[in-house]
Number of protein chains: 2
Amino acid sequence: MKTNKELTLVAGGAGFIGSHLCRFLLDRGEQVVCLDNLQTSREANILSLEGESGFEFVEADIVDPLPASILRHAGRFTRIYNLACAASPELYQADPEHTMLTNVLGTDRLLRLAEQSGARFLLTSTSEVYGDPEMHPQRESYRGNVSCTGPRACYDEGKRAAEALTFDFLRTSRVDVRVARIFNTYGPQMRLDDGRVISNLICQALSGEPLTIYGDGTQTRSFCYVGDTVRGLWRLMESDLPEPQPINIGNPQELTINELVETLREMAGRPIEVCHRPLPTDDPRRRRPDITLAHELLGWKPTTPLREGLRTTLTWFGSELQRNRVSPLAESELEPARLMVAGKA
Amino acid sequence: MKTNKELTLVAGGAGFIGSHLCRFLLDRGEQVVCLDNLQTSREANILSLEGESGFEFVEADIVDPLPASILRHAGRFTRIYNLACAASPELYQADPEHTMLTNVLGTDRLLRLAEQSGARFLLTSTSEVYGDPEMHPQRESYRGNVSCTGPRACYDEGKRAAEALTFDFLRTSRVDVRVARIFNTYGPQMRLDDGRVISNLICQALSGEPLTIYGDGTQTRSFCYVGDTVRGLWRLMESDLPEPQPINIGNPQELTINELVETLREMAGRPIEVCHRPLPTDDPRRRRPDITLAHELLGWKPTTPLREGLRTTLTWFGSELQRNRVSPLAESELEPARLMVAGKA
């Protein structure tokens with residue numbers, strides 16, 4: 001990081017989506033500073049980036065005052081992406097106070113850095129701002145159905161508050177901002193243990209364990225491949241919008257958890273059992289983005305077919321499980337991969 | 001404040017409701033520490049309290065780390081009321097970042113103080129968490145209809161986030177908490193210039209100016225006299241609830257702005273003109289609390305009739321306007337009181 005070139009900051013850059021974004025930006029020739037507290041993200045995600053001359057990693061928590069290693073670049077940041085926050089319910093509920101402060105105080109610190117730098121700021125918000133939606137598919141104008149007192153509120157309300165703060169920096173002419181509402185995303189570099197449906201099911205499939213379905217499996221999700229998500233975030237950051245508004249980034253192909261399980265069973269090419277467990281509190285029944293705005297304003301839509309994305313993800317999970325298998329420390333935590341990917345499209 | 005007696009902290013204690021609460025608690029024999037940044041509150045509100053031995057005032061902003069003058073009492077607080085935040089749209093929108101941080105970071109600091117002290121904590125939330133409600137009257141279980149990107153979001157979403165944080169401190173067994181959702185409240189010691197409908201209309205009525213109606217005046221509000229509100233807050237603080245939940249504190253008597261204007265015109269006993277202006281963005285159409293929970297769990301309901309509360313308020317506003325009239329500095333800001341209160345119940 002020796003030149004005086006413009007810099008892009010990616011907060012949460014060692015996380016699942018963040019690390020893909022860092023790779024995407026480096027491949028486009030941008031100089032990237034990755035800020036991450038490694039709370040739920042993994043340094044392994046950025047191992048392949050750390051050798052590159054255009055990449056710098058700073059370990060810090062945005063709940064704390066930003067460190068000198070970030071502030072010294074303040075004049076050079078032209079783009080700041082905020083992807084910093086634990087995103088899976090199990091992980092963000094482990095320390096709900098920290099989750100809330102990451103979203104509100106952390107976002108505030110990054111907005112102030114953007115103001116100081118004259119940088120454009122992009123907040124990654126979430127489909128969780130719609131809560132358990134009563135409108136399908138969810139348009140950006142839908143105000144949501146969120147319990148502000150439940151166990152998911154630290155994340156859902158934290159993100160809603162972060163959106164409010166972000167648009168206030170725009171309204172008061174302090175920072176030029178973008179807000180993406182990301183729906184379920186999957187792909188390589190997800191945490192194996194993030195407790196989310198895709199990673200749970202893939203780990204179970206690869207380990208030969210029964211696939212767990214919470215509730216009756218008729219609840220729906222729409223899964224977007226991470227490569228598509230990252231392209232959408234970048235398009236949003238680089239686009240001029242006719243009016244300030246949040247933009248949904250997700251895949252409108254809605255499928256039930258039962259359908260996802262069937263797809264994985266077919267791809268496995270051999271019988272896998274299924275077991276049922278009760279639905280967690282506040283678990284949304286349906287989720288599907290209306291991406292009309294993203295399509296019209298950014299010319300973006302997802303292009304990776306589900307089976308293709310799942311195959312890439314299964315392959316990566318398989319090698320991760322294998323790698324953990326040969327590591328004596330990890331062996332006790334994860335069952336060895338007993339299943340090879342069978343689907344060939 | 002020389003004894004080693006237990007202490008009650010009232011953050012926002014120099015504000016409209018806060019100062020009435022301080023008076024109520026002092027009259028009950030509690031020792032009260034009032035913490036306030038005097039941002040939108042008025043030191044005049046606590047002038048009559050400052051001479052009392054059970055009262056201490058600390059000027060500080062809960063967005064900043066709590067000062068030593070508060071922390072030195074940490075072991076003695078048994079009750080912490082958080083009423084700190086600008087509450088009228090004009091005032092809280094003047095610095096939206098500060099409004100958000102007051103609600104989230106400020107509430108977090110007070111919750112940590114409550115944890116350190118072993119104190120019970122009461123958050124004053126707001127009917128604004130229901131946004132522009134699609135359910136009437138509003139029950140506590142209603143999840144609301146709030147725009148998280150609009151100009152009111154700094155307050156509405158800030159309070160929703162504060163509720164989330166408060167219940168998380170309960171869920172993680174850190175603090176015993178209470179959450180009140182306060183609906184429109186009026187009475188002496190409101191700011192004359194808070195921009196809210198009651199103070200606007202009373203100032204206009206007393207000054208002989210036309211009464212301003214935003215929109216067509218068919219939007220409704222329910223106004224609770226401050227004495228009733230304060231009694232409700234105290235009941236909530238001192239009650240054991242069967243399960244943790246927010247409780248509405250407000251007056252279920254719903255009236256249109258047009259009806260309020262008519263009442264004021266009748267009380268004035270002489271003709272007053274009316275003028276119409278456009279409805280502000282995000283202004284809620286209807287507001288009326290369902291206070292079943294407060295009635296059943298706290299044995300509380302408002303008892304002050306509207307005309308009685310309005311008369312007390314008109315009298316106080318009249319004397320404030322008179323006081324400002326004889327102050328040369330204030331004379332230019334406010335029209336002299338030209339109208340005397342006519343109604344006699």
# chains A, B, ... in the order shown; residues from 1 in each chain; ligands from 1

call {"tool": "select_by_dssp", "arguments": {"residues": "stretch 181-283 of chain A", "states": "helix (DSSP H, G or I)", "output": "VMD selection string"}}
result
chain A and resid 197 to 207 226 to 238 257 to 268

call {"tool": "write_last_selection", "arguments": {"atoms": "C-alpha atoms", "output": "PDB file, in the first residue's frame"}}
result
ATOM      1  CA  VAL A 197     -29.898 -23.066   6.514  1.00  0.00           C
ATOM      2  CA  ILE A 198     -27.548 -23.464   3.540  1.00  0.00           C
ATOM      3  CA  SER A 199     -24.416 -24.159   5.562  1.00  0.00           C
ATOM      4  CA  ASN A 200     -26.276 -26.402   8.012  1.00  0.00           C
ATOM      5  CA  LEU A 201     -27.761 -28.486   5.232  1.00  0.00           C
ATOM      6  CA  ILE A 202     -24.546 -28.721   3.204  1.00  0.00           C
ATOM      7  CA  CYS A 203     -22.510 -29.749   6.235  1.00  0.00           C
ATOM      8  CA  GLN A 204     -25.114 -32.351   7.106  1.00  0.00           C
ATOM      9  CA  ALA A 205     -25.271 -33.629   3.522  1.00  0.00           C
ATOM     10  CA  LEU A 206     -21.499 -33.887   3.273  1.00  0.00           C
ATOM     11  CA  SER A 207     -21.259 -35.597   6.662  1.00  0.00           C
ATOM     12  CA  VAL A 226     -22.272 -14.531  -3.563  1.00  0.00           C
ATOM     13  CA  GLY A 227     -20.694 -13.612  -6.920  1.00  0.00           C
ATOM     14  CA  ASP A 228     -24.001 -12.065  -7.965  1.00  0.00           C
ATOM     15  CA  THR A 229     -24.393 -10.246  -4.645  1.00  0.00           C
ATOM     16  CA  VAL A 230     -20.929  -8.703  -4.855  1.00  0.00           C
ATOM     17  CA  ARG A 231     -21.504  -7.517  -8.411  1.00  0.00           C
ATOM     18  CA  GLY A 232     -24.769  -5.945  -7.231  1.00  0.00           C
ATOM     19  CA  LEU A 233     -23.092  -4.118  -4.350  1.00  0.00           C
ATOM     20  CA  TRP A 234     -20.439  -2.711  -6.647  1.00  0.00           C
ATOM     21  CA  ARG A 235     -23.013  -1.629  -9.245  1.00  0.00           C
ATOM     22  CA  LEU A 236     -24.964   0.139  -6.511  1.00  0.00           C
ATOM     23  CA  MET A 237     -21.870   1.889  -5.178  1.00  0.00           C
ATOM     24  CA  GLU A 238     -20.917   3.133  -8.652  1.00  0.00           C
ATOM     25  CA  ILE A 257     -36.777 -25.247   2.554  1.00  0.00           C
ATOM     26  CA  ASN A 258     -38.298 -28.580   1.487  1.00  0.00           C
ATOM     27  CA  GLU A 259     -37.398 -27.820  -2.146  1.00  0.00           C
ATOM     28  CA  LEU A 260     -33.864 -26.862  -1.173  1.00  0.00           C
ATOM     29  CA  VAL A 261     -33.528 -30.124   0.736  1.00  0.00           C
ATOM     30  CA  GLU A 262     -34.820 -32.076  -2.267  1.00  0.00           C
ATOM     31  CA  THR A 263     -32.319 -30.349  -4.564  1.00  0.00           C
ATOM     32  CA  LEU A 264     -29.451 -31.238  -2.232  1.00  0.00           C
ATOM     33  CA  ARG A 265     -30.662 -34.842  -2.001  1.00  0.00           C
ATOM     34  CA  GLU A 266     -30.789 -35.082  -5.796  1.00  0.00           C
ATOM     35  CA  MET A 267     -27.315 -33.578  -6.122  1.00  0.00           C
ATOM     36  CA  ALA A 268     -26.004 -36.032  -3.544  1.00  0.00           C
TER      37      ALA A 268
END

call {"tool": "interface_residues", "arguments": {"of": "chain A", "to": "chain B", "cutoff": "8 Å", "atoms": "only C-alpha atoms", "output": "list of chain:residue names"}}
result
A:Pro96, A:Glu97, A:Met100, A:Leu101, A:Val104, A:Leu105, A:Arg143, A:Gly144, A:Asn145, A:Val146, A:Ser147, A:Cys148, A:Thr149, A:Gly150, A:Pro151, A:Ala153, A:Cys154, A:Glu157, A:Gly158, A:Arg160, A:Ala161, A:Glu163, A:Ala164, A:Leu165, A:Phe167, A:Asp168, A:Phe169, A:Gln245

call {"tool": "write_last_selection", "arguments": {"atoms": "N, CA, C and O atoms", "output": "mmCIF file, in the first residue's frame"}}
result
data_model
loop_
_atom_site.group_PDB
_atom_site.id
_atom_site.type_symbol
_atom_site.label_atom_id
_atom_site.label_comp_id
_atom_site.auth_asym_id
_atom_site.auth_seq_id
_atom_site.Cartn_x
_atom_site.Cartn_y
_atom_site.Cartn_z
ATOM 1 N N PRO A 96 -25.809 -9.676 21.960
ATOM 2 C CA PRO A 96 -26.744 -8.740 21.293
ATOM 3 C C PRO A 96 -26.375 -7.275 21.466
ATOM 4 O O PRO A 96 -26.610 -6.466 20.571
ATOM 5 N N GLU A 97 -25.800 -6.917 22.605
ATOM 6 C CA GLU A 97 -25.396 -5.524 22.813
ATOM 7 C C GLU A 97 -24.336 -5.138 21.771
ATOM 8 O O GLU A 97 -24.393 -4.068 21.161
ATOM 9 N N MET A 100 -25.931 -4.649 18.308
ATOM 10 C CA MET A 100 -26.587 -3.345 18.183
ATOM 11 C C MET A 100 -25.565 -2.225 18.016
ATOM 12 O O MET A 100 -25.702 -1.360 17.139
ATOM 13 N N LEU A 101 -24.533 -2.235 18.851
ATOM 14 C CA LEU A 101 -23.547 -1.150 18.781
ATOM 15 C C LEU A 101 -22.742 -1.204 17.486
ATOM 16 O O LEU A 101 -22.360 -0.162 16.943
ATOM 17 N N VAL A 104 -25.048 0.497 14.956
ATOM 18 C CA VAL A 104 -25.359 1.915 15.137
ATOM 19 C C VAL A 104 -24.088 2.737 15.359
ATOM 20 O O VAL A 104 -23.758 3.618 14.574
ATOM 21 N N LEU A 105 -23.356 2.413 16.418
ATOM 22 C CA LEU A 105 -22.151 3.195 16.706
ATOM 23 C C LEU A 105 -21.088 2.952 15.640
ATOM 24 O O LEU A 105 -20.411 3.879 15.180
ATOM 25 N N ARG A 143 -42.683 -1.326 4.725
ATOM 26 C CA ARG A 143 -42.087 -0.871 5.985
ATOM 27 C C ARG A 143 -41.752 -1.984 6.960
ATOM 28 O O ARG A 143 -41.164 -1.742 8.015
ATOM 29 N N GLY A 144 -42.141 -3.201 6.641
ATOM 30 C CA GLY A 144 -41.688 -4.334 7.428
ATOM 31 C C GLY A 144 -42.595 -4.708 8.585
ATOM 32 O O GLY A 144 -43.544 -3.992 8.920
ATOM 33 N N ASN A 145 -42.300 -5.840 9.163
ATOM 34 C CA ASN A 145 -43.066 -6.396 10.274
ATOM 35 C C ASN A 145 -42.070 -7.007 11.260
ATOM 36 O O ASN A 145 -41.888 -8.213 11.333
ATOM 37 N N VAL A 146 -41.391 -6.111 11.969
ATOM 38 C CA VAL A 146 -40.293 -6.510 12.859
ATOM 39 C C VAL A 146 -40.732 -6.374 14.312
ATOM 40 O O VAL A 146 -41.306 -5.351 14.688
ATOM 41 N N SER A 147 -40.479 -7.382 15.113
ATOM 42 C CA SER A 147 -40.636 -7.246 16.559
ATOM 43 C C SER A 147 -39.412 -6.528 17.102
ATOM 44 O O SER A 147 -38.293 -7.028 16.962
ATOM 45 N N CYS A 148 -39.631 -5.367 17.729
ATOM 46 C CA CYS A 148 -38.460 -4.629 18.238
ATOM 47 C C CYS A 148 -38.092 -5.050 19.656
ATOM 48 O O CYS A 148 -37.221 -4.438 20.271
ATOM 49 N N THR A 149 -38.736 -6.082 20.165
ATOM 50 C CA THR A 149 -38.400 -6.535 21.521
ATOM 51 C C THR A 149 -37.938 -7.997 21.542
ATOM 52 O O THR A 149 -37.601 -8.518 22.602
ATOM 53 N N GLY A 150 -37.923 -8.657 20.406
ATOM 54 C CA GLY A 150 -37.583 -10.076 20.342
ATOM 55 C C GLY A 150 -36.086 -10.330 20.251
ATOM 56 O O GLY A 150 -35.284 -9.396 20.176
ATOM 57 N N PRO A 151 -35.702 -11.606 20.238
ATOM 58 C CA PRO A 151 -34.282 -11.962 20.230
ATOM 59 C C PRO A 151 -33.551 -11.614 18.927
ATOM 60 O O PRO A 151 -32.330 -11.541 18.907
ATOM 61 N N ALA A 153 -34.092 -8.758 17.382
ATOM 62 C CA ALA A 153 -34.175 -7.299 17.235
ATOM 63 C C ALA A 153 -32.800 -6.629 17.244
ATOM 64 O O ALA A 153 -32.606 -5.600 16.599
ATOM 65 N N CYS A 154 -31.835 -7.210 17.957
ATOM 66 C CA CYS A 154 -30.509 -6.574 18.005
ATOM 67 C C CYS A 154 -29.954 -6.408 16.596
ATOM 68 O O CYS A 154 -29.282 -5.422 16.289
ATOM 69 N N GLU A 157 -33.358 -4.496 14.191
ATOM 70 C CA GLU A 157 -33.527 -3.086 14.556
ATOM 71 C C GLU A 157 -32.198 -2.340 14.464
ATOM 72 O O GLU A 157 -32.180 -1.140 14.188
ATOM 73 N N GLY A 158 -31.107 -3.048 14.714
ATOM 74 C CA GLY A 158 -29.786 -2.432 14.533
ATOM 75 C C GLY A 158 -29.592 -1.975 13.092
ATOM 76 O O GLY A 158 -29.129 -0.860 12.832
ATOM 77 N N ARG A 160 -32.042 -1.425 10.886
ATOM 78 C CA ARG A 160 -33.009 -0.356 10.590
ATOM 79 C C ARG A 160 -32.471 0.986 11.108
ATOM 80 O O ARG A 160 -32.571 2.010 10.426
ATOM 81 N N ALA A 161 -31.898 0.956 12.301
ATOM 82 C CA ALA A 161 -31.321 2.179 12.868
ATOM 83 C C ALA A 161 -30.122 2.636 12.030
ATOM 84 O O ALA A 161 -29.925 3.837 11.802
ATOM 85 N N GLU A 163 -29.749 2.182 8.843
ATOM 86 C CA GLU A 163 -30.307 2.812 7.633
ATOM 87 C C GLU A 163 -30.748 4.241 7.935
ATOM 88 O O GLU A 163 -30.486 5.169 7.157
ATOM 89 N N ALA A 164 -31.438 4.405 9.071
ATOM 90 C CA ALA A 164 -31.913 5.744 9.454
ATOM 91 C C ALA A 164 -30.740 6.719 9.541
ATOM 92 O O ALA A 164 -30.772 7.823 8.997
ATOM 93 N N LEU A 165 -29.698 6.273 10.223
ATOM 94 C CA LEU A 165 -28.496 7.103 10.415
ATOM 95 C C LEU A 165 -27.855 7.436 9.070
ATOM 96 O O LEU A 165 -27.450 8.579 8.817
ATOM 97 N N PHE A 167 -29.208 7.544 6.034
ATOM 98 C CA PHE A 167 -29.974 8.517 5.250
ATOM 99 C C PHE A 167 -29.947 9.902 5.900
ATOM 100 O O PHE A 167 -30.093 10.907 5.212
ATOM 101 N N ASP A 168 -29.765 9.948 7.222
ATOM 102 C CA ASP A 168 -29.647 11.257 7.865
ATOM 103 C C ASP A 168 -28.339 11.949 7.480
ATOM 104 O O ASP A 168 -28.307 13.179 7.345
ATOM 105 N N PHE A 169 -27.272 11.183 7.311
ATOM 106 C CA PHE A 169 -26.016 11.791 6.836
ATOM 107 C C PHE A 169 -26.201 12.334 5.415
ATOM 108 O O PHE A 169 -25.589 13.331 5.044
ATOM 109 N N GLN A 245 -32.608 5.942 -1.960
ATOM 110 C CA GLN A 245 -33.495 4.889 -1.470
ATOM 111 C C GLN A 245 -32.686 3.608 -1.315
ATOM 112 O O GLN A 245 -31.690 3.411 -1.987
#

call {"tool": "atom_distance", "arguments": {"atom1": "atom CA of A:Asp194", "atom2": "atom CA of A:Arg286"}}
result
20.3 Å

call {"tool": "atom_distance", "arguments": {"atom1": "atom CA of B:Leu110", "atom2": "atom CA of B:Leu123"}}
result
9.7 Å

call {"tool": "atom_distance", "arguments": {"atom1": "atom CA of B:Lys5", "atom2": "atom CA of B:Ile62"}}
result
24.0 Å

call {"tool": "residues_around", "arguments": {"residues": "B:Arg221", "least_positions_apart": "6", "cutoff": "9 Å", "atoms": "only C-alpha atoms", "output": "NGL selection string"}}
result
:B and (183-184 or 253-257 or 285-288)

call {"tool": "residues_around", "arguments": {"residues": "B:Gly13", "least_positions_apart": "2", "cutoff": "8 Å", "atoms": "only C-alpha atoms", "output": "ChimeraX atom specification"}}
result
/B:10-11,15,17-19,21-22,34-36,83-84

call {"tool": "write_last_selection", "arguments": {"atoms": "N, CA and C atoms", "output": "JSON list (two decimals), in the first residue's frame"}}
result
[["chain", "number", "residue", "atom", "x", "y", "z"],
["B", 10, "VAL", "N", -32.78, 10.08, 37.31],
["B", 10, "VAL", "CA", -33.71, 10.44, 36.24],
["B", 10, "VAL", "C", -32.91, 11.13, 35.14],
["B", 11, "ALA", "N", -32.62, 10.37, 34.07],
["B", 11, "ALA", "CA", -31.94, 10.97, 32.92],
["B", 11, "ALA", "C", -32.99, 11.70, 32.09],
["B", 15, "GLY", "N", -36.33, 17.83, 31.60],
["B", 15, "GLY", "CA", -37.28, 17.96, 30.49],
["B", 15, "GLY", "C", -38.70, 18.08, 31.00],
["B", 17, "ILE", "N", -41.55, 15.98, 30.89],
["B", 17, "ILE", "CA", -42.05, 14.89, 31.75],
["B", 17, "ILE", "C", -41.07, 14.60, 32.88],
["B", 18, "GLY", "N", -39.77, 14.66, 32.56],
["B", 18, "GLY", "CA", -38.74, 14.34, 33.55],
["B", 18, "GLY", "C", -38.83, 15.21, 34.79],
["B", 19, "SER", "N", -39.08, 16.51, 34.61],
["B", 19, "SER", "CA", -39.12, 17.40, 35.77],
["B", 19, "SER", "C", -40.34, 17.12, 36.65],
["B", 21, "LEU", "N", -41.61, 14.14, 36.90],
["B", 21, "LEU", "CA", -41.27, 12.88, 37.56],
["B", 21, "LEU", "C", -40.36, 13.13, 38.77],
["B", 22, "CYS", "N", -39.37, 14.02, 38.60],
["B", 22, "CYS", "CA", -38.48, 14.35, 39.72],
["B", 22, "CYS", "C", -39.31, 14.88, 40.91],
["B", 34, "CYS", "N", -30.76, 14.09, 39.07],
["B", 34, "CYS", "CA", -31.28, 14.46, 37.75],
["B", 34, "CYS", "C", -30.10, 14.69, 36.81],
["B", 35, "LEU", "N", -30.09, 13.92, 35.72],
["B", 35, "LEU", "CA", -29.01, 14.03, 34.73],
["B", 35, "LEU", "C", -29.63, 14.59, 33.46],
["B", 36, "ASP", "N", -29.07, 15.68, 32.96],
["B", 36, "ASP", "CA", -29.68, 16.29, 31.77],
["B", 36, "ASP", "C", -28.61, 17.11, 31.04],
["B", 83, "LEU", "N", -35.39, 9.13, 30.50],
["B", 83, "LEU", "CA", -36.30, 9.99, 29.73],
["B", 83, "LEU", "C", -35.52, 10.93, 28.82],
["B", 84, "ALA", "N", -34.23, 10.61, 28.60],
["B", 84, "ALA", "CA", -33.37, 11.56, 27.89],
["B", 84, "ALA", "C", -33.50, 11.42, 26.38]]

call {"tool": "residues_around", "arguments": {"residues": "B:Leu66", "least_positions_apart": "3", "cutoff": "12 Å", "atoms": "only C-alpha atoms", "output": "list of chain:residue names"}}
result
B:Ala11, B:Leu35, B:Asp36, B:Asn37, B:Val58, B:Glu59, B:Ala60, B:Asp61, B:Ile62, B:Val63, B:Ser69, B:Ile70, B:Leu71, B:Arg72, B:His73, B:Ala74, B:Leu105, B:Gly106, B:Thr107, B:Asp108, B:Arg109, B:Leu110, B:Leu111, B:Arg112, B:Leu113

call {"tool": "select_by_dssp", "arguments": {"residues": "stretch 71-226 of chain B", "states": "strand (DSSP E or B)", "output": "PDB file with C-alpha atoms, in the first residue's frame"}}
result
ATOM      1  CA  PHE B  77     -28.752   3.732  42.453  1.00  0.00           C
ATOM      2  CA  THR B  78     -31.694   1.378  42.838  1.00  0.00           C
ATOM      3  CA  ARG B  79     -33.869   2.929  40.127  1.00  0.00           C
ATOM      4  CA  ILE B  80     -32.813   4.461  36.803  1.00  0.00           C
ATOM      5  CA  TYR B  81     -35.390   6.209  34.612  1.00  0.00           C
ATOM      6  CA  ASN B  82     -34.283   7.074  31.089  1.00  0.00           C
ATOM      7  CA  ARG B 120     -33.949  -1.495  37.984  1.00  0.00           C
ATOM      8  CA  PHE B 121     -34.115   0.381  34.670  1.00  0.00           C
ATOM      9  CA  LEU B 122     -37.080   2.023  32.980  1.00  0.00           C
ATOM     10  CA  LEU B 123     -36.875   3.153  29.368  1.00  0.00           C
ATOM     11  CA  THR B 124     -39.397   5.702  28.206  1.00  0.00           C
ATOM     12  CA  SER B 125     -40.126   4.622  24.690  1.00  0.00           C
ATOM     13  CA  THR B 126     -42.832   6.178  22.582  1.00  0.00           C
ATOM     14  CA  GLY B 131     -45.190   4.806  13.173  1.00  0.00           C
ATOM     15  CA  GLN B 138     -52.477   0.408  19.158  1.00  0.00           C
ATOM     16  CA  ASN B 145     -45.542   0.867  10.471  1.00  0.00           C
ATOM     17  CA  VAL B 177     -36.035  -3.594  33.019  1.00  0.00           C
ATOM     18  CA  ARG B 178     -39.326  -1.855  32.252  1.00  0.00           C
ATOM     19  CA  VAL B 179     -40.327  -0.203  28.994  1.00  0.00           C
ATOM     20  CA  ALA B 180     -43.092   2.414  28.751  1.00  0.00           C
ATOM     21  CA  ARG B 181     -44.437   3.548  25.395  1.00  0.00           C
ATOM     22  CA  ILE B 182     -45.592   7.082  26.081  1.00  0.00           C
ATOM     23  CA  THR B 185     -48.541  14.110  26.843  1.00  0.00           C
ATOM     24  CA  TYR B 186     -49.234  17.733  27.707  1.00  0.00           C
ATOM     25  CA  LEU B 211     -54.789  28.388  15.116  1.00  0.00           C
ATOM     26  CA  THR B 212     -52.778  26.320  12.603  1.00  0.00           C
ATOM     27  CA  ILE B 213     -54.212  23.016  11.458  1.00  0.00           C
ATOM     28  CA  TYR B 214     -51.851  20.778   9.487  1.00  0.00           C
ATOM     29  CA  THR B 220     -56.344  12.097  15.595  1.00  0.00           C
ATOM     30  CA  ARG B 221     -54.249  12.214  18.724  1.00  0.00           C
ATOM     31  CA  SER B 222     -54.898  11.218  22.295  1.00  0.00           C
ATOM     32  CA  CYS B 224     -52.587  12.495  28.375  1.00  0.00           C
ATOM     33  CA  TYR B 225     -52.093  14.990  31.173  1.00  0.00           C
TER      34      TYR B 225
END
